[in-house]
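Shown next: work_2.pdb, given as PDB, C-alpha atoms.
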```pdb
ATOM      1  CA  MET A 236      14.912  15.905 -18.435
ATOM      2  CA  SER A 237      13.005  18.648 -16.690
ATOM      3  CA  VAL A 238      11.499  18.274 -13.257
ATOM      4  CA  GLU A 239       8.065  18.719 -14.869
ATOM      5  CA  SER A 240       8.425  15.345 -16.601
ATOM      6  CA  TYR A 241       9.123  13.600 -13.319
ATOM      7  CA  PRO A 242       6.357  11.463 -11.729
ATOM      8  CA  ALA A 243       3.591  13.539 -10.195
ATOM      9  CA  GLY A 244       4.048  13.693  -6.460
ATOM     10  CA  THR A 245       7.745  12.886  -6.572
ATOM     11  CA  LEU A 246       9.254  14.956  -3.816
ATOM     12  CA  VAL A 247      11.889  14.760  -1.178
ATOM     13  CA  ASP A 248      10.477  14.655   2.340
ATOM     14  CA  PRO A 249      11.495  17.941   3.988
ATOM     15  CA  GLN A 250      11.933  16.007   7.231
ATOM     16  CA  GLN A 251      14.465  13.708   5.535
ATOM     17  CA  PRO A 252      17.021  15.882   3.684
ATOM     18  CA  LEU A 253      19.117  14.177   1.018
ATOM     19  CA  SER A 254      22.607  14.935  -0.227
ATOM     20  CA  GLY A 255      21.544  14.300  -3.831
ATOM     21  CA  ARG A 256      25.049  13.053  -4.610
ATOM     22  CA  HIS A 257      25.495   9.440  -5.712
ATOM     23  CA  TRP A 258      27.925   7.682  -3.373
ATOM     24  CA  VAL A 259      29.498   5.626  -6.177
ATOM     25  CA  ASN A 260      29.736   7.779  -9.309
ATOM     26  CA  GLN A 261      29.167  11.258  -7.839
ATOM     27  CA  SER A 262      26.244  11.903 -10.200
ATOM     28  CA  GLN A 263      23.204  13.918  -9.166
ATOM     29  CA  TYR A 264      20.318  11.621  -8.228
ATOM     30  CA  LEU A 265      17.756  14.396  -7.717
ATOM     31  CA  PRO A 266      15.986  16.027 -10.691
ATOM     32  CA  PRO A 267      16.242  17.740 -13.056
ATOM     33  CA  PHE A 268      18.321  15.352 -15.138
ATOM     34  CA  ALA A 269      20.046  15.715 -18.502
ATOM     35  CA  ALA A 270      17.876  16.245 -21.559
ATOM     36  CA  ASP A 271      19.262  13.122 -23.242
ATOM     37  CA  SER A 272      18.225  10.841 -20.375
ATOM     38  CA  ASP A 273      15.067   8.959 -19.483
ATOM     39  CA  TRP A 274      13.956   7.000 -16.417
ATOM     40  CA  LEU A 275      11.833   4.184 -15.085
ATOM     41  CA  LEU A 276      11.245   2.422 -11.769
ATOM     42  CA  VAL A 277      12.039  -1.207 -10.972
ATOM     43  CA  GLY A 278      11.124  -3.253  -7.911
ATOM     44  CA  MET A 279      13.031  -6.518  -7.431
ATOM     45  CA  GLY A 280      12.660  -7.167  -3.716
ATOM     46  CA  CYS A 281      15.056  -5.473  -1.288
ATOM     47  CA  PHE A 282      16.176  -2.285  -3.023
ATOM     48  CA  TRP A 283      19.769  -2.409  -1.765
ATOM     49  CA  GLY A 284      20.897  -5.181  -4.098
ATOM     50  CA  ALA A 285      18.697  -4.050  -6.962
ATOM     51  CA  GLU A 286      20.247  -0.592  -6.942
ATOM     52  CA  ARG A 287      23.770  -2.055  -7.024
ATOM     53  CA  VAL A 288      22.853  -4.071 -10.118
ATOM     54  CA  TYR A 289      21.757  -0.918 -11.908
ATOM     55  CA  TRP A 290      24.466   1.559 -10.945
ATOM     56  CA  GLN A 291      26.966  -0.874 -12.528
ATOM     57  CA  LEU A 292      25.106  -1.047 -15.857
ATOM     58  CA  PRO A 293      26.779   0.910 -18.708
ATOM     59  CA  GLY A 294      24.484   3.657 -19.962
ATOM     60  CA  VAL A 295      22.874   4.274 -16.575
ATOM     61  CA  VAL A 296      23.376   7.893 -15.487
ATOM     62  CA  THR A 297      22.307   7.598 -11.870
ATOM     63  CA  THR A 298      20.200   5.572  -9.463
ATOM     64  CA  ALA A 299      18.287   6.154  -6.247
ATOM     65  CA  VAL A 300      16.103   4.025  -4.019
ATOM     66  CA  GLY A 301      12.655   4.859  -2.768
ATOM     67  CA  TYR A 302       9.059   3.810  -2.407
ATOM     68  CA  ALA A 303       6.216   3.598  -4.954
ATOM     69  CA  GLY A 304       2.891   1.932  -5.546
ATOM     70  CA  GLY A 305       1.236   2.791  -2.246
ATOM     71  CA  ALA A 306      -1.023   5.448  -0.790
ATOM     72  CA  ARG A 307       0.950   7.225   1.928
ATOM     73  CA  PRO A 308       3.020  10.271   0.894
ATOM     74  CA  HIS A 309       6.624  10.301   2.112
ATOM     75  CA  PRO A 310       6.539   7.008   4.012
ATOM     76  CA  SER A 311       9.396   6.037   6.280
ATOM     77  CA  TYR A 312      11.253   2.762   5.842
ATOM     78  CA  GLN A 313       9.648   1.444   9.020
ATOM     79  CA  GLN A 314       6.170   2.330   7.746
ATOM     80  CA  VAL A 315       6.811   0.608   4.413
ATOM     81  CA  CYS A 316       8.130  -2.503   6.160
ATOM     82  CA  SER A 317       4.965  -2.660   8.266
ATOM     83  CA  GLY A 318       2.983  -3.380   5.092
ATOM     84  CA  ALA A 319       0.442  -0.715   5.947
ATOM     85  CA  THR A 320       1.410   1.791   3.238
ATOM     86  CA  GLY A 321       1.072  -0.437   0.179
ATOM     87  CA  HIS A 322       4.416   0.807  -1.142
ATOM     88  CA  ALA A 323       7.090  -1.361  -2.713
ATOM     89  CA  GLU A 324      10.829  -0.847  -2.435
ATOM     90  CA  VAL A 325      11.933   0.392  -5.876
ATOM     91  CA  VAL A 326      14.929   1.784  -7.714
ATOM     92  CA  LEU A 327      14.785   4.904  -9.847
ATOM     93  CA  VAL A 328      16.982   4.229 -12.879
ATOM     94  CA  VAL A 329      18.011   7.223 -14.986
ATOM     95  CA  TYR A 330      19.611   6.130 -18.253
ATOM     96  CA  ARG A 331      20.580   7.301 -21.727
ATOM     97  CA  PRO A 332      18.416   5.590 -24.390
ATOM     98  CA  ALA A 333      21.086   6.296 -27.016
ATOM     99  CA  GLN A 334      23.429   3.992 -25.075
ATOM    100  CA  LEU A 335      21.008   1.507 -23.552
ATOM    101  CA  SER A 336      17.974  -0.063 -25.196
ATOM    102  CA  LEU A 337      14.914  -0.963 -23.159
ATOM    103  CA  ARG A 338      15.740  -4.671 -23.535
ATOM    104  CA  GLU A 339      19.277  -4.074 -22.264
ATOM    105  CA  LEU A 340      17.907  -1.982 -19.413
ATOM    106  CA  LEU A 341      15.388  -4.603 -18.322
ATOM    107  CA  SER A 342      17.583  -7.675 -18.855
ATOM    108  CA  PRO A 343      19.031  -7.488 -15.311
ATOM    109  CA  PHE A 344      15.513  -7.050 -13.959
ATOM    110  CA  TRP A 345      14.307 -10.337 -15.435
ATOM    111  CA  GLU A 346      17.550 -12.245 -14.869
ATOM    112  CA  ARG A 347      18.437 -11.247 -11.296
ATOM    113  CA  HIS A 348      15.221 -11.927  -9.341
ATOM    114  CA  ASP A 349      12.227 -14.259  -9.383
ATOM    115  CA  PRO A 350       9.242 -12.373 -10.878
ATOM    116  CA  THR A 351       6.758 -15.140  -9.980
ATOM    117  CA  GLN A 352       6.781 -14.915  -6.178
ATOM    118  CA  GLY A 353       4.050 -12.363  -5.537
ATOM    119  CA  MET A 354       4.414 -10.555  -2.222
ATOM    120  CA  ARG A 355       7.908 -11.800  -1.452
ATOM    121  CA  GLN A 356      11.400 -12.303  -2.806
ATOM    122  CA  GLY A 357      13.119 -15.323  -1.338
ATOM    123  CA  ASN A 358      13.185 -15.040   2.443
ATOM    124  CA  ASP A 359      11.977 -11.428   2.287
ATOM    125  CA  ILE A 360       8.219 -11.591   2.745
ATOM    126  CA  GLY A 361       5.768  -8.705   2.451
ATOM    127  CA  SER A 362       4.135  -6.389  -0.070
ATOM    128  CA  GLN A 363       7.191  -4.101  -0.077
ATOM    129  CA  TYR A 364       9.179  -6.857  -1.808
ATOM    130  CA  ARG A 365       6.852  -7.387  -4.770
ATOM    131  CA  SER A 366       8.100  -7.235  -8.347
ATOM    132  CA  MET A 367       7.321  -4.043 -10.253
ATOM    133  CA  ILE A 368       8.146  -2.020 -13.377
ATOM    134  CA  GLY A 369       6.961   1.603 -13.429
ATOM    135  CA  CYS A 370       7.206   3.232 -16.867
ATOM    136  CA  ARG A 371       7.395   6.903 -17.827
ATOM    137  CA  THR A 372       6.111   6.474 -21.386
ATOM    138  CA  ALA A 373       3.625   4.357 -23.305
ATOM    139  CA  ALA A 374       6.512   3.076 -25.456
ATOM    140  CA  GLN A 375       8.327   1.772 -22.379
ATOM    141  CA  LEU A 376       5.116   0.140 -21.190
ATOM    142  CA  ALA A 377       4.559  -1.595 -24.520
ATOM    143  CA  GLY A 378       8.166  -2.801 -24.636
ATOM    144  CA  ALA A 379       8.122  -4.035 -21.048
ATOM    145  CA  THR A 380       4.898  -5.952 -21.682
ATOM    146  CA  VAL A 381       6.354  -7.673 -24.759
ATOM    147  CA  LEU A 382       9.437  -8.671 -22.768
ATOM    148  CA  ALA A 383       7.265 -10.034 -19.967
ATOM    149  CA  ASP A 384       5.469 -12.283 -22.456
ATOM    150  CA  GLU A 385       8.819 -13.563 -23.723
ATOM    151  CA  MET A 386      10.050 -14.202 -20.194
ATOM    152  CA  GLN A 387       6.869 -16.071 -19.290
ATOM    153  CA  VAL A 388       7.603 -18.615 -22.012
ATOM    154  CA  GLN A 389      11.075 -19.244 -20.595
ATOM    155  CA  LEU A 390       9.885 -19.331 -16.996
ATOM    156  CA  SER A 391       7.193 -21.854 -17.838
ATOM    157  CA  GLN A 392       9.799 -24.044 -19.541
ATOM    158  CA  LEU A 393      11.911 -23.819 -16.369
ATOM    159  CA  GLY A 394       8.982 -24.943 -14.241
ATOM    160  CA  TYR A 395       7.994 -21.590 -12.741
ATOM    161  CA  GLY A 396       4.468 -20.243 -12.481
ATOM    162  CA  ALA A 397       2.855 -17.068 -13.768
ATOM    163  CA  ILE A 398       4.710 -13.760 -13.627
ATOM    164  CA  THR A 399       3.324 -11.563 -10.845
ATOM    165  CA  THR A 400       5.283  -8.417 -11.774
ATOM    166  CA  GLU A 401       3.164  -5.266 -11.735
ATOM    167  CA  ILE A 402       3.813  -3.496 -15.046
ATOM    168  CA  GLY A 403       2.247  -0.080 -15.582
ATOM    169  CA  MET A 404       2.825   3.639 -15.686
ATOM    170  CA  ALA A 405       5.005   4.876 -12.856
ATOM    171  CA  ALA A 406       3.303   5.712  -9.589
ATOM    172  CA  PRO A 407       4.576   8.656  -7.544
ATOM    173  CA  PHE A 408       8.096   7.940  -6.322
ATOM    174  CA  TYR A 409       9.214   8.964  -2.841
ATOM    175  CA  TYR A 410      12.936   8.987  -2.132
ATOM    176  CA  ALA A 411      14.086   6.709   0.676
ATOM    177  CA  GLU A 412      16.194   7.981   3.525
ATOM    178  CA  GLU A 413      19.801   8.989   2.834
ATOM    179  CA  TYR A 414      21.301   5.960   4.557
ATOM    180  CA  HIS A 415      19.527   3.658   2.081
ATOM    181  CA  GLN A 416      20.942   5.418  -0.981
ATOM    182  CA  GLN A 417      23.725   3.252  -2.497
ATOM    183  CA  TYR A 418      23.615   1.220   0.710
ATOM    184  CA  LEU A 419      25.807  -1.662  -0.456
ATOM    185  CA  ALA A 420      28.570   0.720  -1.532
ATOM    186  CA  LYS A 421      28.576   2.240   1.947
ATOM    187  CA  ASN A 422      28.196  -1.200   3.568
ATOM    188  CA  PRO A 423      30.004  -3.738   1.334
ATOM    189  CA  ASP A 424      29.112  -6.647   3.620
ATOM    190  CA  GLY A 425      25.460  -5.651   3.780
ATOM    191  CA  TYR A 426      22.537  -7.926   2.962
ATOM    192  CA  CYS A 427      21.621  -8.739  -0.640
ATOM    193  CA  GLY A 428      18.885 -11.302  -1.240
ATOM    194  CA  LEU A 429      18.788 -11.230  -5.054
ATOM    195  CA  ARG A 430      18.478 -14.645  -6.664
ATOM    196  CA  GLY A 431      17.776 -15.350 -10.318
ATOM    197  CA  THR A 432      15.787 -18.134 -11.937
ATOM    198  CA  GLY A 433      18.142 -19.127 -14.746
ATOM    199  CA  LEU A 434      16.274 -17.358 -17.552
ATOM    200  CA  SER A 435      18.064 -15.171 -20.094
ATOM    201  CA  CYS A 436      16.836 -11.912 -21.585
TER     202      CYS A 436
END
```
What does the file become when written as structure tokens?
Amino acid sequence: MSVESYPAGTLVDPQQPLSGRHWVNQSQYLPPFAADSDWLLVGMGCFWGAERVYWQLPGVVTTAVGYAGGARPHPSYQQVCSGATGHAEVVLVVYRPAQLSLRELLSPFWERHDPTQGMRQGNDIGSQYRSMIGCRTAAQLAGATVLADEMQVQLSQLGYGAITTEIGMAAPFYYAEEYHQQYLAKNPDGYCGLRGTGLSC
């Protein structure tokens, strides 16, 4: 994948240099990526636990955490947590479609968090914790929408309300600070608030 196909506005803040090297698998988490890979963004609440889910998934090339869906370029973690930027905490997932279908890629997304909670995820409250899927292509968007309809049927049967996940084309992605990248690998006893609902994708 060339850097030109990356989300418009996706840049590393020059005031926050990044190593670019994945702490777990030593892959490169800055573009450009391999020609046989693709990417999308997922927001599942706190990005620490969400990233760990995805770097363990076979077929995923690399992951990184950052901010998307808001108005402020290159926000800091503190600014995002204030709620003033409109950004959500998200994970950039780079994967190989030949090894991982869209359903397989999004199964952990639907199974490992509650997509009906709006501006929160469990005890984490605020717009930065909202559920989100940011797609690179129209095909991803169509597939993600179909899956959401399927998941709504199951969630309703389980007694949950309407899905509040924002599903659309990817907004500009801004890399989070280096200490957030692969945080739970660097801090094995760190916080992870992910909780599923019992549905299966």
Closest contacts (region 244-330 of chain A/region 424-428 of chain A, max 12 Å, only C-alpha atoms) as JSON lines:
```
{"residue": "A:Met279", "atom": "CA", "partner": "A:Gly428", "partner_atom": "CA", "distance": 9.8}
{"residue": "A:Gly280", "atom": "CA", "partner": "A:Gly428", "partner_atom": "CA", "distance": 7.9}
{"residue": "A:Cys281", "atom": "CA", "partner": "A:Gly428", "partner_atom": "CA", "distance": 7.0}
{"residue": "A:Phe282", "atom": "CA", "partner": "A:Cys427", "partner_atom": "CA", "distance": 8.8}
{"residue": "A:Trp283", "atom": "CA", "partner": "A:Cys427", "partner_atom": "CA", "distance": 6.7}
{"residue": "A:Gly284", "atom": "CA", "partner": "A:Cys427", "partner_atom": "CA", "distance": 5.0}
{"residue": "A:Ala285", "atom": "CA", "partner": "A:Cys427", "partner_atom": "CA", "distance": 8.4}
{"residue": "A:Glu286", "atom": "CA", "partner": "A:Cys427", "partner_atom": "CA", "distance": 10.4}
{"residue": "A:Arg287", "atom": "CA", "partner": "A:Cys427", "partner_atom": "CA", "distance": 9.5}
{"residue": "A:Val288", "atom": "CA", "partner": "A:Cys427", "partner_atom": "CA", "distance": 10.6}
```
Counting all atoms listed in the file, the residue among A:Gly394, A:Gly301, A:Pro293, A:Gly278 that lies closest to Pro332 (chain A) is A:Pro293
Distance query Met404 (chain A) at most 9 Å, only C-alpha atoms, self and fewer than 2 positions along chain excluded, as a list of chain:residue names
A:Ile368, A:Gly369, A:Cys370, A:Arg371, A:Thr372, A:Ala373, A:Gln375, A:Leu376, A:Ile402, A:Ala406
I need the residue nearest Gln417 (chain A) from this list: A:Val300, A:Leu292, A:Leu275, A:Leu393. Use all atoms listed in the file for the distance.
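Looking only at the distances to Gln417 (chain A), the closest residue turns out to be A:Val300.
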If we count all atoms listed in the file and set the cut-off at 9 Å, which residues sit around Gly305 (chain A), ignoring sequence neighbours fewer than 3 positions away in its own chain? Please answer as a PDB file with C-alpha atoms, keeping the file's coordinate frame.
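File selection-v1.pdb, as written:
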```
ATOM      1  CA  TYR A 302       9.059   3.810  -2.407  1.00  0.00           C
ATOM      2  CA  PRO A 308       3.020  10.271   0.894  1.00  0.00           C
ATOM      3  CA  VAL A 315       6.811   0.608   4.413  1.00  0.00           C
ATOM      4  CA  ALA A 319       0.442  -0.715   5.947  1.00  0.00           C
ATOM      5  CA  THR A 320       1.410   1.791   3.238  1.00  0.00           C
ATOM      6  CA  GLY A 321       1.072  -0.437   0.179  1.00  0.00           C
ATOM      7  CA  HIS A 322       4.416   0.807  -1.142  1.00  0.00           C
ATOM      8  CA  ALA A 323       7.090  -1.361  -2.713  1.00  0.00           C
ATOM      9  CA  ALA A 406       3.303   5.712  -9.589  1.00  0.00           C
ATOM     10  CA  PRO A 407       4.576   8.656  -7.544  1.00  0.00           C
TER      11      PRO A 407
END
```
Which distance in Å separates CA of Ser366 (chain A) and CA of Thr399 (chain A), to one decimal?
6.9 Å
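The closest residue to Phe344 (chain A), picked from A:Tyr418, A:Glu413, A:Pro252, A:Met367 and counting all atoms listed in the file, is A:Met367.
In this structure, CA of Thr432 (chain A) sits 6.8 Å away from CA of Glu346 (chain A).
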Starting from the sparse input, extend region 338-351 of chain A to N, CA and C atoms and give the output as a PDB file, in the coordinates of the input.
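Here's the written file selection25.pdb:
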```
ATOM      1  N   ARG A 338      15.432  -3.263 -23.803  1.00  0.00           N
ATOM      2  CA  ARG A 338      15.740  -4.671 -23.535  1.00  0.00           C
ATOM      3  C   ARG A 338      17.002  -4.792 -22.694  1.00  0.00           C
ATOM      4  N   GLU A 339      18.034  -4.036 -23.042  1.00  0.00           N
ATOM      5  CA  GLU A 339      19.277  -4.074 -22.264  1.00  0.00           C
ATOM      6  C   GLU A 339      19.049  -3.559 -20.846  1.00  0.00           C
ATOM      7  N   LEU A 340      18.198  -2.551 -20.730  1.00  0.00           N
ATOM      8  CA  LEU A 340      17.907  -1.982 -19.413  1.00  0.00           C
ATOM      9  C   LEU A 340      17.155  -2.975 -18.530  1.00  0.00           C
ATOM     10  N   LEU A 341      16.225  -3.702 -19.112  1.00  0.00           N
ATOM     11  CA  LEU A 341      15.388  -4.603 -18.322  1.00  0.00           C
ATOM     12  C   LEU A 341      15.945  -6.020 -18.217  1.00  0.00           C
ATOM     13  N   SER A 342      17.001  -6.329 -18.956  1.00  0.00           N
ATOM     14  CA  SER A 342      17.583  -7.675 -18.855  1.00  0.00           C
ATOM     15  C   SER A 342      17.982  -8.018 -17.421  1.00  0.00           C
ATOM     16  N   PRO A 343      18.695  -7.145 -16.696  1.00  0.00           N
ATOM     17  CA  PRO A 343      19.031  -7.488 -15.311  1.00  0.00           C
ATOM     18  C   PRO A 343      17.796  -7.664 -14.431  1.00  0.00           C
ATOM     19  N   PHE A 344      16.749  -6.917 -14.729  1.00  0.00           N
ATOM     20  CA  PHE A 344      15.513  -7.050 -13.959  1.00  0.00           C
ATOM     21  C   PHE A 344      14.986  -8.480 -14.052  1.00  0.00           C
ATOM     22  N   TRP A 345      14.872  -8.997 -15.260  1.00  0.00           N
ATOM     23  CA  TRP A 345      14.307 -10.337 -15.435  1.00  0.00           C
ATOM     24  C   TRP A 345      15.267 -11.425 -14.994  1.00  0.00           C
ATOM     25  N   GLU A 346      16.573 -11.187 -15.125  1.00  0.00           N
ATOM     26  CA  GLU A 346      17.550 -12.245 -14.869  1.00  0.00           C
ATOM     27  C   GLU A 346      17.969 -12.352 -13.406  1.00  0.00           C
ATOM     28  N   ARG A 347      17.825 -11.276 -12.626  1.00  0.00           N
ATOM     29  CA  ARG A 347      18.437 -11.247 -11.296  1.00  0.00           C
ATOM     30  C   ARG A 347      17.458 -11.426 -10.132  1.00  0.00           C
ATOM     31  N   HIS A 348      16.158 -11.623 -10.424  1.00  0.00           N
ATOM     32  CA  HIS A 348      15.221 -11.927  -9.341  1.00  0.00           C
ATOM     33  C   HIS A 348      14.156 -12.876  -9.873  1.00  0.00           C
ATOM     34  N   ASP A 349      13.299 -13.350  -8.997  1.00  0.00           N
ATOM     35  CA  ASP A 349      12.227 -14.259  -9.383  1.00  0.00           C
ATOM     36  C   ASP A 349      10.929 -13.461  -9.485  1.00  0.00           C
ATOM     37  N   PRO A 350      10.438 -13.205 -10.703  1.00  0.00           N
ATOM     38  CA  PRO A 350       9.242 -12.373 -10.878  1.00  0.00           C
ATOM     39  C   PRO A 350       7.935 -13.123 -10.703  1.00  0.00           C
ATOM     40  N   THR A 351       7.971 -14.328 -10.120  1.00  0.00           N
ATOM     41  CA  THR A 351       6.758 -15.140  -9.980  1.00  0.00           C
ATOM     42  C   THR A 351       6.331 -15.314  -8.533  1.00  0.00           C
TER      43      THR A 351
END
```
